[in-house]
file coords21.txt (compact mmCIF, C-alpha atoms and all ligand atoms)
# COMPACT_ATOMS: atom_id res chain seq x y z
CA MET C 262 -7.02 -54.92 -3.86
CA THR C 263 -10.64 -55.18 -4.95
CA GLN C 264 -12.11 -53.61 -8.05
CA GLN C 265 -13.05 -49.95 -7.66
CA ARG C 266 -16.47 -48.74 -8.71
CA THR C 267 -16.38 -45.43 -10.58
CA LEU C 268 -17.13 -42.39 -8.46
CA VAL C 269 -18.31 -39.93 -11.05
CA GLY C 270 -18.49 -36.38 -9.82
CA GLY C 271 -15.81 -36.95 -7.21
CA SER C 272 -12.11 -37.56 -7.56
CA GLY C 273 -12.69 -41.09 -8.87
CA GLN C 274 -10.89 -42.44 -5.79
CA PRO C 275 -12.16 -43.84 -2.50
CA PRO C 276 -11.70 -41.43 0.41
CA ALA C 277 -8.13 -41.28 1.71
CA GLY C 278 -6.87 -40.25 5.11
CA PRO C 279 -8.68 -40.09 8.40
CA ALA C 280 -12.31 -39.51 7.22
CA THR C 281 -14.05 -41.92 9.54
CA SER C 282 -17.72 -40.97 9.71
CA ALA C 283 -20.33 -43.64 8.98
CA GLY C 284 -20.88 -41.88 5.64
CA HIS C 285 -17.23 -42.32 4.78
CA VAL C 286 -17.25 -45.98 5.82
CA LEU C 287 -20.21 -46.47 3.48
CA GLN C 288 -18.40 -44.63 0.68
CA LEU C 289 -15.45 -46.97 1.12
CA LEU C 290 -17.73 -50.01 0.91
CA ARG C 291 -19.48 -48.56 -2.16
CA SER C 292 -16.10 -48.18 -3.91
CA SER C 293 -15.57 -51.94 -3.83
CA THR C 294 -17.75 -54.43 -5.69
CA ALA C 295 -16.39 -57.33 -3.59
CA GLY C 296 -16.76 -55.58 -0.22
CA TYR C 297 -14.36 -55.51 2.73
CA SER C 298 -14.07 -57.57 5.89
CA ARG C 299 -14.11 -55.84 9.28
CA ALA C 300 -10.33 -56.45 9.49
CA ASP C 301 -9.85 -54.79 6.06
CA LEU C 302 -11.83 -51.75 7.23
CA LEU C 303 -9.79 -51.46 10.44
CA ASP C 304 -6.59 -51.61 8.37
CA ILE C 305 -7.69 -49.11 5.74
CA THR C 306 -9.28 -46.53 8.02
CA GLY C 307 -7.01 -46.88 11.07
CA MET C 308 -10.15 -46.51 13.21
CA ALA C 309 -10.49 -47.90 16.72
CA ARG C 310 -12.43 -51.20 16.66
CA SER C 311 -15.20 -49.85 18.91
CA THR C 312 -15.68 -46.75 16.70
CA LEU C 313 -15.83 -48.79 13.48
CA TYR C 314 -18.34 -51.24 14.98
CA GLU C 315 -20.50 -48.35 16.15
CA ARG C 316 -20.51 -46.88 12.62
CA LEU C 317 -21.33 -50.28 11.11
CA ASP C 318 -24.19 -50.85 13.57
CA ALA C 319 -25.77 -47.57 12.42
CA LEU C 320 -25.32 -48.52 8.74
CA PHE C 321 -26.79 -52.01 9.31
CA ALA C 322 -29.78 -50.51 11.13
CA ALA C 323 -30.42 -48.11 8.24
CA GLY C 324 -30.36 -50.99 5.71
CA LEU C 325 -27.29 -49.58 3.97
CA VAL C 326 -24.85 -52.43 4.64
CA TYR C 327 -25.18 -56.22 4.63
CA GLU C 328 -22.95 -59.16 5.31
CA SER C 329 -22.39 -61.30 2.23
CA THR C 330 -20.73 -64.65 1.56
CA PRO C 331 -17.29 -65.47 3.01
CA LEU C 332 -14.42 -63.60 1.31
CA ARG C 333 -12.28 -66.73 0.91
CA SER C 334 -12.44 -70.33 1.98
CA GLN C 335 -10.07 -71.23 4.79
CA ARG C 336 -9.99 -73.28 7.97
CA GLY C 337 -11.77 -71.85 10.98
CA ARG C 338 -14.32 -69.06 10.74
CA PRO C 339 -13.81 -67.30 7.39
CA PRO C 340 -14.12 -63.47 7.31
CA ARG C 341 -17.37 -62.29 5.76
CA ALA C 342 -17.50 -59.39 3.34
CA LEU C 343 -19.43 -56.29 4.28
CA ARG C 344 -21.04 -54.66 1.27
CA PHE C 345 -23.14 -51.67 0.39
CA ASP C 346 -26.72 -52.96 0.38
CA ASP C 347 -27.81 -52.10 -3.13
CA ARG C 348 -30.32 -54.94 -3.22
CA ASN C 349 -33.97 -54.08 -3.86
CA LYS C 350 -33.18 -50.41 -4.34
CA LEU C 351 -34.65 -48.91 -7.52
CA VAL C 352 -33.98 -45.62 -9.29
CA LEU C 353 -36.34 -43.94 -11.74
CA ALA C 354 -34.54 -42.35 -14.72
CA ILE C 355 -36.58 -39.92 -16.81
CA GLU C 356 -35.19 -38.43 -20.00
CA ILE C 357 -37.25 -35.51 -21.25
CA GLY C 358 -36.66 -34.72 -24.92
CA HIS C 359 -38.28 -32.22 -27.28
CA THR C 360 -40.92 -34.65 -28.57
CA HIS C 361 -40.87 -37.63 -26.22
CA ALA C 362 -39.93 -38.75 -22.71
CA SER C 363 -38.15 -42.05 -22.01
CA ILE C 364 -38.71 -43.49 -18.55
CA HIS C 365 -36.68 -46.36 -17.12
CA LEU C 366 -36.73 -48.11 -13.76
CA LEU C 367 -33.26 -49.41 -12.87
CA SER C 368 -31.65 -51.37 -10.08
CA LEU C 369 -28.55 -49.84 -8.47
CA GLY C 370 -26.67 -52.58 -10.37
CA ARG C 371 -27.82 -50.63 -13.51
CA ASP C 372 -30.14 -53.37 -14.75
CA ILE C 373 -33.20 -51.97 -16.47
CA VAL C 374 -36.29 -53.39 -14.76
CA ALA C 375 -39.02 -51.63 -16.76
CA SER C 376 -39.29 -48.95 -19.47
CA ALA C 377 -41.89 -46.68 -21.01
CA ARG C 378 -41.93 -44.05 -23.73
CA LEU C 379 -44.32 -41.13 -23.88
CA PRO C 380 -44.92 -38.56 -26.63
CA ILE C 381 -44.68 -34.99 -25.31
CA GLU C 382 -44.28 -31.48 -26.74
CA ILE C 383 -41.69 -29.58 -24.74
CA SER C 384 -43.01 -26.19 -25.86
CA GLN C 385 -46.31 -26.87 -24.04
CA PRO C 386 -46.84 -25.51 -20.49
CA GLN C 387 -44.67 -27.18 -17.84
CA GLU C 388 -47.61 -28.37 -15.67
CA GLY C 389 -49.13 -30.47 -18.45
CA VAL C 390 -45.85 -32.01 -19.62
CA ALA C 391 -44.60 -32.75 -16.10
CA GLY C 392 -48.02 -34.08 -15.08
CA ALA C 393 -48.09 -36.54 -17.99
CA VAL C 394 -44.52 -37.69 -17.27
CA ILE C 395 -45.34 -38.20 -13.57
CA GLU C 396 -48.52 -40.18 -14.38
CA GLU C 397 -46.60 -42.45 -16.76
CA SER C 398 -43.82 -42.88 -14.16
CA LEU C 399 -46.33 -43.90 -11.49
CA ARG C 400 -47.85 -46.41 -13.93
CA LEU C 401 -44.38 -47.84 -14.60
CA LEU C 402 -43.58 -48.02 -10.87
CA ASP C 403 -46.81 -49.97 -10.28
CA GLY C 404 -46.61 -49.50 -6.52
CA ARG C 405 -42.83 -49.91 -6.21
CA GLN C 406 -41.03 -47.17 -4.28
CA PRO C 407 -37.79 -45.83 -5.83
CA VAL C 408 -34.98 -44.58 -3.57
CA GLY C 409 -34.59 -41.60 -5.90
CA ALA C 410 -35.29 -40.27 -9.38
CA GLY C 411 -33.09 -38.54 -11.95
CA VAL C 412 -34.47 -36.29 -14.69
CA GLY C 413 -32.41 -35.51 -17.81
CA LEU C 414 -33.38 -32.21 -19.48
CA PRO C 415 -32.42 -30.77 -22.89
CA ALA C 416 -31.10 -27.48 -21.47
CA PRO C 417 -28.28 -26.26 -19.22
CA VAL C 418 -29.08 -27.31 -15.65
CA ASP C 419 -27.57 -25.53 -12.69
CA PRO C 420 -27.83 -27.78 -9.59
CA LEU C 421 -28.84 -24.72 -7.55
CA HIS C 422 -31.28 -23.43 -10.21
CA ARG C 423 -29.59 -20.03 -10.36
CA LEU C 424 -28.98 -20.20 -14.09
CA GLY C 425 -31.62 -18.48 -16.20
CA LEU C 426 -33.27 -20.65 -18.85
CA GLU C 427 -34.07 -17.69 -21.12
CA ARG C 428 -33.56 -18.53 -24.80
CA THR C 429 -33.32 -22.27 -24.08
CA VAL C 430 -36.00 -24.78 -25.06
CA LEU C 431 -37.08 -24.72 -21.38
CA ALA C 432 -37.40 -20.92 -21.23
CA HIS C 433 -40.96 -21.24 -19.88
CA TRP C 434 -40.04 -23.84 -17.20
CA ASP C 435 -39.29 -23.32 -13.54
CA LEU C 436 -36.89 -26.11 -12.54
CA GLN C 437 -37.27 -25.58 -8.78
CA ARG C 438 -41.03 -26.04 -9.16
CA LEU C 439 -40.46 -29.10 -11.37
CA GLN C 440 -38.26 -30.66 -8.69
CA ASP C 441 -40.72 -29.83 -5.87
CA VAL C 442 -43.72 -31.26 -7.75
CA MET C 443 -41.88 -34.43 -8.75
CA GLU C 444 -40.54 -35.03 -5.24
CA ALA C 445 -44.03 -34.65 -3.82
CA ARG C 446 -45.74 -36.93 -6.37
CA LEU C 447 -43.01 -39.60 -6.58
CA ASP C 448 -42.31 -39.43 -2.82
CA CYS C 449 -38.52 -39.59 -3.24
CA PRO C 450 -35.56 -37.23 -3.78
CA VAL C 451 -35.33 -35.98 -7.39
CA LEU C 452 -32.15 -34.86 -9.12
CA LEU C 453 -32.24 -32.70 -12.27
CA GLU C 454 -29.38 -32.82 -14.76
CA ASN C 455 -28.63 -31.91 -18.35
CA ASP C 456 -29.38 -34.84 -20.69
CA ALA C 457 -26.04 -34.95 -22.57
CA ARG C 458 -24.19 -34.68 -19.27
CA SER C 459 -26.19 -37.64 -17.93
CA MET C 460 -25.32 -39.55 -21.10
CA ALA C 461 -21.60 -38.79 -20.57
CA VAL C 462 -21.79 -40.23 -17.04
CA GLY C 463 -23.49 -43.34 -18.43
CA GLU C 464 -20.74 -43.73 -21.01
CA VAL C 465 -17.87 -43.86 -18.47
CA ARG C 466 -16.09 -47.22 -18.59
CA GLU C 467 -12.86 -46.55 -16.66
CA PRO C 468 -12.53 -44.68 -13.34
CA LEU C 469 -10.10 -42.03 -14.62
CA GLU C 470 -11.37 -41.77 -18.18
CA SER C 471 -11.62 -38.47 -20.08
CA LEU C 472 -14.46 -38.42 -22.58
CA VAL C 473 -16.96 -36.17 -24.32
CA ALA C 474 -20.49 -37.42 -25.04
CA VAL C 475 -22.42 -35.54 -27.71
CA LYS C 476 -26.17 -35.85 -28.13
CA VAL C 477 -27.57 -34.88 -31.51
CA SER C 478 -31.34 -35.20 -31.67
CA THR C 479 -33.66 -32.23 -32.16
CA GLY C 480 -30.94 -30.10 -30.53
CA VAL C 481 -27.21 -30.51 -29.87
CA GLY C 482 -25.51 -30.78 -26.49
CA SER C 483 -22.47 -32.38 -24.94
CA GLY C 484 -21.28 -33.69 -21.60
CA ILE C 485 -17.67 -33.65 -20.45
CA ILE C 486 -15.86 -36.07 -18.14
CA VAL C 487 -12.25 -35.23 -17.23
CA ARG C 488 -10.31 -37.98 -15.43
CA GLY C 489 -13.52 -39.50 -14.11
CA ALA C 490 -15.06 -36.24 -12.89
CA LEU C 491 -18.15 -34.69 -14.45
CA VAL C 492 -17.56 -31.08 -15.55
CA ARG C 493 -20.58 -28.83 -14.85
CA GLY C 494 -18.79 -25.50 -15.16
CA ALA C 495 -19.28 -22.40 -13.03
CA HIS C 496 -23.07 -22.27 -13.52
CA GLY C 497 -24.03 -25.62 -15.03
CA ALA C 498 -23.63 -24.66 -18.69
CA ALA C 499 -20.43 -26.62 -19.46
CA GLY C 500 -20.76 -28.60 -22.69
CA ASP C 501 -23.62 -26.50 -24.06
CA ILE C 502 -21.98 -26.32 -27.49
CA GLY C 503 -25.16 -25.92 -29.54
CA HIS C 504 -25.08 -22.15 -29.51
CA VAL C 505 -21.43 -21.57 -30.42
CA ARG C 506 -21.38 -19.45 -33.60
CA ILE C 507 -19.71 -21.11 -36.60
CA PRO C 508 -19.18 -19.80 -40.17
CA GLU C 509 -21.07 -22.75 -41.73
CA ALA C 510 -24.27 -21.61 -40.00
CA ALA C 511 -24.00 -17.92 -40.98
CA GLY C 512 -27.37 -16.61 -42.11
CA ARG C 513 -29.31 -19.45 -40.47
CA LEU C 514 -31.66 -18.50 -37.66
CA CYS C 515 -31.34 -20.59 -34.50
CA ARG C 516 -34.29 -21.30 -32.19
CA CYS C 517 -32.45 -19.27 -29.51
CA GLY C 518 -33.15 -16.20 -31.64
CA ARG C 519 -29.57 -15.69 -32.76
CA ASP C 520 -28.00 -16.22 -36.13
CA GLY C 521 -25.25 -18.73 -37.01
CA CYS C 522 -25.33 -21.17 -34.07
CA LEU C 523 -23.96 -24.71 -34.45
CA ALA C 524 -27.49 -26.01 -33.71
CA ALA C 525 -28.78 -24.06 -36.73
CA ALA C 526 -26.59 -26.21 -39.01
CA ALA C 527 -26.01 -29.53 -37.24
CA SER C 528 -29.14 -30.65 -35.38
CA GLY C 529 -32.34 -32.54 -36.09
CA ARG C 530 -34.21 -29.25 -36.04
CA ALA C 531 -31.84 -27.83 -38.68
CA LEU C 532 -32.28 -30.91 -40.90
CA LEU C 533 -36.09 -30.66 -40.71
CA ALA C 534 -35.81 -26.97 -41.62
CA GLU C 535 -34.07 -27.73 -44.94
CA PRO C 536 -36.62 -26.91 -47.66
CA GLU C 537 -36.24 -30.25 -49.49
CA LEU C 538 -36.52 -32.26 -46.24
CA ALA C 539 -39.32 -30.36 -44.50
CA GLY C 540 -41.86 -32.79 -45.98
CA TYR C 541 -40.72 -35.52 -43.59
CA GLY C 542 -42.47 -33.66 -40.77
CA SER C 543 -40.82 -35.61 -37.94
CA LEU C 544 -37.21 -36.32 -37.11
CA ARG C 545 -37.91 -40.05 -36.71
CA ARG C 546 -39.28 -40.26 -40.29
CA LEU C 547 -36.33 -38.24 -41.61
CA VAL C 548 -33.62 -40.41 -39.99
CA ASP C 549 -35.41 -43.58 -41.09
CA ALA C 550 -35.08 -42.35 -44.71
CA CYS C 551 -31.30 -41.80 -44.47
CA GLY C 552 -30.58 -45.11 -46.19
CA SER C 553 -32.99 -44.56 -49.07
CA ASP C 554 -33.17 -40.82 -49.81
CA PRO C 555 -29.90 -39.31 -51.16
CA ALA C 556 -31.05 -35.81 -50.16
CA VAL C 557 -31.37 -36.91 -46.51
CA ARG C 558 -28.04 -38.71 -46.64
CA SER C 559 -26.29 -35.69 -48.10
CA ALA C 560 -27.76 -33.31 -45.51
CA VAL C 561 -26.95 -35.70 -42.64
CA THR C 562 -23.35 -36.05 -43.88
CA GLU C 563 -22.94 -32.27 -44.08
CA ALA C 564 -24.38 -31.86 -40.57
CA GLY C 565 -21.89 -34.46 -39.26
CA ARG C 566 -19.05 -32.60 -40.94
CA VAL C 567 -20.10 -29.29 -39.36
CA LEU C 568 -20.33 -30.88 -35.91
CA GLY C 569 -16.85 -32.39 -36.41
CA ARG C 570 -15.50 -28.91 -37.12
CA ALA C 571 -16.83 -27.65 -33.79
CA LEU C 572 -15.69 -30.76 -31.92
CA ALA C 573 -12.12 -30.36 -33.20
CA ALA C 574 -11.93 -27.31 -30.91
CA THR C 575 -13.23 -29.42 -28.02
CA VAL C 576 -10.58 -32.08 -28.78
CA GLY C 577 -7.86 -29.42 -28.74
CA THR C 578 -9.15 -28.00 -25.46
CA LEU C 579 -9.74 -31.20 -23.50
CA ASN C 580 -7.79 -34.01 -25.21
CA PRO C 581 -10.48 -36.65 -24.52
CA GLY C 582 -9.72 -40.34 -25.10
CA ARG C 583 -13.18 -40.94 -26.53
CA ILE C 584 -15.98 -38.99 -28.14
CA ALA C 585 -19.28 -40.88 -27.91
CA VAL C 586 -21.91 -39.54 -30.28
CA GLY C 587 -25.54 -40.40 -29.56
CA GLY C 588 -29.07 -39.20 -30.16
CA LEU C 589 -31.42 -39.92 -33.05
CA VAL C 590 -29.19 -38.12 -35.61
CA GLY C 591 -25.86 -38.76 -33.89
CA VAL C 592 -26.00 -42.54 -34.21
CA LEU C 593 -26.53 -42.46 -38.02
CA PRO C 594 -23.41 -44.06 -39.61
CA ASP C 595 -23.13 -41.33 -42.30
CA PHE C 596 -23.31 -38.61 -39.65
CA LEU C 597 -20.73 -40.28 -37.40
CA ALA C 598 -18.28 -41.03 -40.26
CA ALA C 599 -18.37 -37.42 -41.51
CA CYS C 600 -18.00 -36.07 -37.98
CA ARG C 601 -15.03 -38.36 -37.25
CA GLN C 602 -13.28 -37.45 -40.52
CA GLN C 603 -13.66 -33.71 -39.91
CA ILE C 604 -12.20 -34.03 -36.41
CA LEU C 605 -9.21 -35.90 -37.86
CA ASP C 606 -8.79 -33.22 -40.55
CA ASP C 607 -9.09 -30.22 -38.21
CA ALA C 608 -7.63 -31.14 -34.81
CA PHE C 609 -3.91 -30.95 -34.07
CA GLU C 610 -2.15 -34.33 -34.10
CA PRO C 611 -0.99 -34.53 -30.45
CA SER C 612 -4.62 -34.29 -29.29
CA LEU C 613 -5.66 -37.07 -31.71
CA VAL C 614 -3.38 -39.83 -30.36
CA ASP C 615 -5.57 -42.87 -29.57
CA LEU C 616 -8.76 -40.76 -29.85
CA GLU C 617 -11.86 -42.86 -30.51
CA VAL C 618 -14.92 -41.28 -32.12
CA VAL C 619 -17.69 -43.82 -31.67
CA SER C 620 -21.42 -44.29 -31.45
CA ALA C 621 -22.76 -43.87 -27.90
CA ASP C 622 -24.69 -46.60 -26.18
CA SER C 623 -27.57 -44.21 -26.67
CA ARG C 624 -30.33 -46.68 -25.89
CA THR C 625 -29.48 -46.77 -22.20
CA ALA C 626 -26.50 -44.47 -21.54
CA THR C 627 -28.59 -41.54 -20.30
CA ALA C 628 -30.69 -43.72 -17.98
CA VAL C 629 -27.58 -45.44 -16.61
CA GLY C 630 -25.92 -42.02 -16.12
CA LEU C 631 -28.94 -40.66 -14.25
CA CYS C 632 -28.96 -43.78 -12.06
CA LYS C 633 -25.26 -43.29 -11.21
CA LEU C 634 -25.79 -39.60 -10.44
CA VAL C 635 -28.76 -40.32 -8.17
CA GLU C 636 -26.74 -42.98 -6.32
CA GLU C 637 -23.75 -40.64 -5.89
CA SER C 638 -26.01 -37.92 -4.54
CA LEU C 639 -28.11 -40.15 -2.24
CA TYR C 640 -25.17 -41.93 -0.62
CA ALA C 641 -22.67 -39.04 -0.43
CA PRO C 642 -21.07 -39.12 3.05
CA GLU C 643 -22.70 -35.91 4.29
CA ARG C 644 -26.15 -37.06 3.14
CA VAL C 645 -25.71 -40.44 4.84
CA GLU C 646 -24.73 -38.61 8.03
CA GLN C 647 -27.93 -36.55 7.82
CA LEU C 648 -30.02 -39.68 7.27
CA LEU C 649 -28.47 -41.45 10.26
CA ALA C 650 -28.89 -38.35 12.44
CA GLN C 651 -32.60 -38.20 11.49
CA ARG C 652 -33.02 -41.88 12.35
CA GLY C 653 -31.17 -41.39 15.63
CA GLY C 654 -33.21 -38.29 16.47
ZN ZN Q 1 -28.62 -20.72 -30.89
call {"tool": "encode", "arguments": {"input": "coords21.txt", "output": "structure tokens"}}
result
Amino acid sequence: MTQQRTLVGGSGQPPAGPATSAGHVLQLLRSSTAGYSRADLLDITGMARSTLYERLDALFAAGLVYESTPLRSQRGRPPRALRFDDRNKLVLAIEIGHTHASIHLLSLGRDIVASARLPIEISQPQEGVAGAVIEESLRLLDGRQPVGAGVGLPAPVDPLHRLGLERTVLAHWDLQRLQDVMEARLDCPVLLENDARSMAVGEVREPLESLVAVKVSTGVGSGIIVRGALVRGAHGAAGDIGHVRIPEAAGRLCRCGRDGCLAAAASGRALLAEPELAGYGSLRRLVDACGSDPAVRSAVTEAGRVLGRALAATVGTLNPGRIAVGGLVGVLPDFLAACRQQILDDAFEPSLVDLEVVSADSRTATAVGLCKLVEESLYAPERVEQLLAQRGG
């Protein structure tokens, strides 16, 4: 048996049973890092030889499959492995935050090829912000053509754009228009996703893992993976924990206009709103002072404790094996330690067995997650079928 590559968003398993379209053959090849020989594929799929070879011919012609080195050395003609052709295919991953955008160009092997960072102000009109991000992306691409782009946004994202963005930080944005403009300018399919959810996908290490990724920067959000599958919820708002009301935030006004939200007590915005910390002016300057200013350290510790209180409910609900905390505030050791301790104090013991509360690989997790999501979407069996039909037509 060869190693399985994680299929986030699906069942975490390669297709079973008689699914024998070219798209399904490609999905099977994508699930294996070592690839399969033609004989393996005949065995696994139970397809007739002529049908399999017809499917493979179409996949070869579309540049989706290649023949790699022999599977094993033996006398006679050794079988050659067929593999998903992920060579020379690049994905653009764009993370749009409240005050900056991070842009990465990645290979499908998740290697980061180039990166850029751009200051933005999310409250400005969409056209200007998106235009600046697109210009910087084109500069980074430098003539290279990505197969797709993923955009991580700090708000609930409904894949079908039915969810209203009222009262979110993107209240003045139109996500369908954003997608249309980006697809036209970047000349490739564009996928929009919530940023914390993208981070959760990037944090997955095992195919059937259950984990929660929490991003604490200017705002607070989380992404949920249950047994390898990304949880979006009924309308794309799963994991949007920032606006759950908690007693610790009573009397504090949230940017959503309500009173007492988690984000009003445990977020970068909340820290900057504390009277004795307001002088820092920017979240970056505030977190940099955590080691030297006791007032910052104390406020950061309290924010971590409050987040831990809210996450104890998440732990009881989902029983994750790991909570990965990232973002500018989330990775601070004082914040993480207080958060972890509060979860241990508040959650019920059966849900705490083997639970890890750790720092996220926040430098690249979101970009890697966006890259995985774009790949899953681009090479889903039904999309591959469409592509082949267009080529054939
Ligand atoms: Zn709120």
call {"tool": "residues_near_ligand", "arguments": {"input": "coords21.txt", "ligand": "ligand ZN 1 (chain Q)", "cutoff": "6 Å", "atoms": "all atoms listed in the file", "output": "PyMOL selection string"}}
result
chain C and resi 504+515-517+519+522
call {"tool": "closest_residue", "arguments": {"input": "coords21.txt", "among": "C:Ser559, C:Thr281, C:Asn349, C:Ser471", "to": "C:Ile305", "atoms": "only C-alpha atoms"}}
result
C:Thr281
call {"tool": "closest_residue", "arguments": {"input": "coords21.txt", "among": "C:Glu636, C:Pro555, C:Tyr541, C:Leu325", "to": "C:Leu351", "atoms": "all atoms listed in the file"}}
result
C:Glu636
call {"tool": "closest_residue", "arguments": {"input": "coords21.txt", "among": "C:Gly482, C:Gly358, C:Gly653, C:Gly577", "to": "C:Glu382", "atoms": "all atoms listed in the file"}}
result
C:Gly358
call {"tool": "residues_near_point", "arguments": {"input": "coords21.txt", "point": "(-29.7, -20.0, -37.7)", "cutoff": "6 Å", "atoms": "all atoms listed in the file", "output": "PyMOL selection string"}}
result
chain C and resi 513-515+520-522+525
call {"tool": "residues_around", "arguments": {"input": "coords21.txt", "residues": "C:Leu426", "least_positions_apart": "5", "cutoff": "10 Å", "atoms": "all atoms listed in the file", "output": "list in words"}}
result
Ala416, Pro417, Val418, Asp419, Leu431, Ala432, His433, Trp434, Asp435 and Leu436 of chain C
call {"tool": "build_atoms", "arguments": {"input": "coords21.txt", "residues": "stretch 581-594 of chain C", "atoms": "N, CA and C atoms", "output": "compact mmCIF listing (two decimals), in the frame of the given file"}}
result
# COMPACT_ATOMS: atom_id res chain seq x y z
N PRO C 581 -9.78 -35.46 -25.00
CA PRO C 581 -10.48 -36.65 -24.52
C PRO C 581 -9.92 -37.92 -25.18
N GLY C 582 -10.11 -39.06 -24.50
CA GLY C 582 -9.72 -40.34 -25.10
C GLY C 582 -10.81 -40.88 -26.00
N ARG C 583 -12.05 -40.40 -25.76
CA ARG C 583 -13.18 -40.94 -26.53
C ARG C 583 -14.24 -39.86 -26.71
N ILE C 584 -14.80 -39.81 -27.91
CA ILE C 584 -15.98 -38.99 -28.14
C ILE C 584 -17.10 -39.96 -28.49
N ALA C 585 -18.14 -39.99 -27.67
CA ALA C 585 -19.28 -40.88 -27.91
C ALA C 585 -20.44 -40.04 -28.43
N VAL C 586 -20.86 -40.34 -29.65
CA VAL C 586 -21.91 -39.54 -30.28
C VAL C 586 -23.22 -40.32 -30.25
N GLY C 587 -24.25 -39.73 -29.67
CA GLY C 587 -25.54 -40.40 -29.56
C GLY C 587 -26.68 -39.50 -30.00
N GLY C 588 -27.88 -39.94 -29.72
CA GLY C 588 -29.07 -39.20 -30.16
C GLY C 588 -29.55 -39.73 -31.50
N LEU C 589 -30.77 -39.39 -31.84
CA LEU C 589 -31.42 -39.92 -33.05
C LEU C 589 -30.59 -39.67 -34.31
N VAL C 590 -30.02 -38.46 -34.44
CA VAL C 590 -29.19 -38.12 -35.61
C VAL C 590 -27.75 -38.61 -35.40
N GLY C 591 -27.26 -38.46 -34.18
CA GLY C 591 -25.86 -38.76 -33.89
C GLY C 591 -25.44 -40.19 -34.17
N VAL C 592 -26.37 -41.14 -34.02
CA VAL C 592 -26.00 -42.54 -34.21
C VAL C 592 -26.04 -42.96 -35.69
N LEU C 593 -26.49 -42.09 -36.60
CA LEU C 593 -26.53 -42.46 -38.02
C LEU C 593 -25.10 -42.65 -38.53
N PRO C 594 -24.79 -43.78 -39.17
CA PRO C 594 -23.41 -44.06 -39.61
C PRO C 594 -22.83 -42.95 -40.50
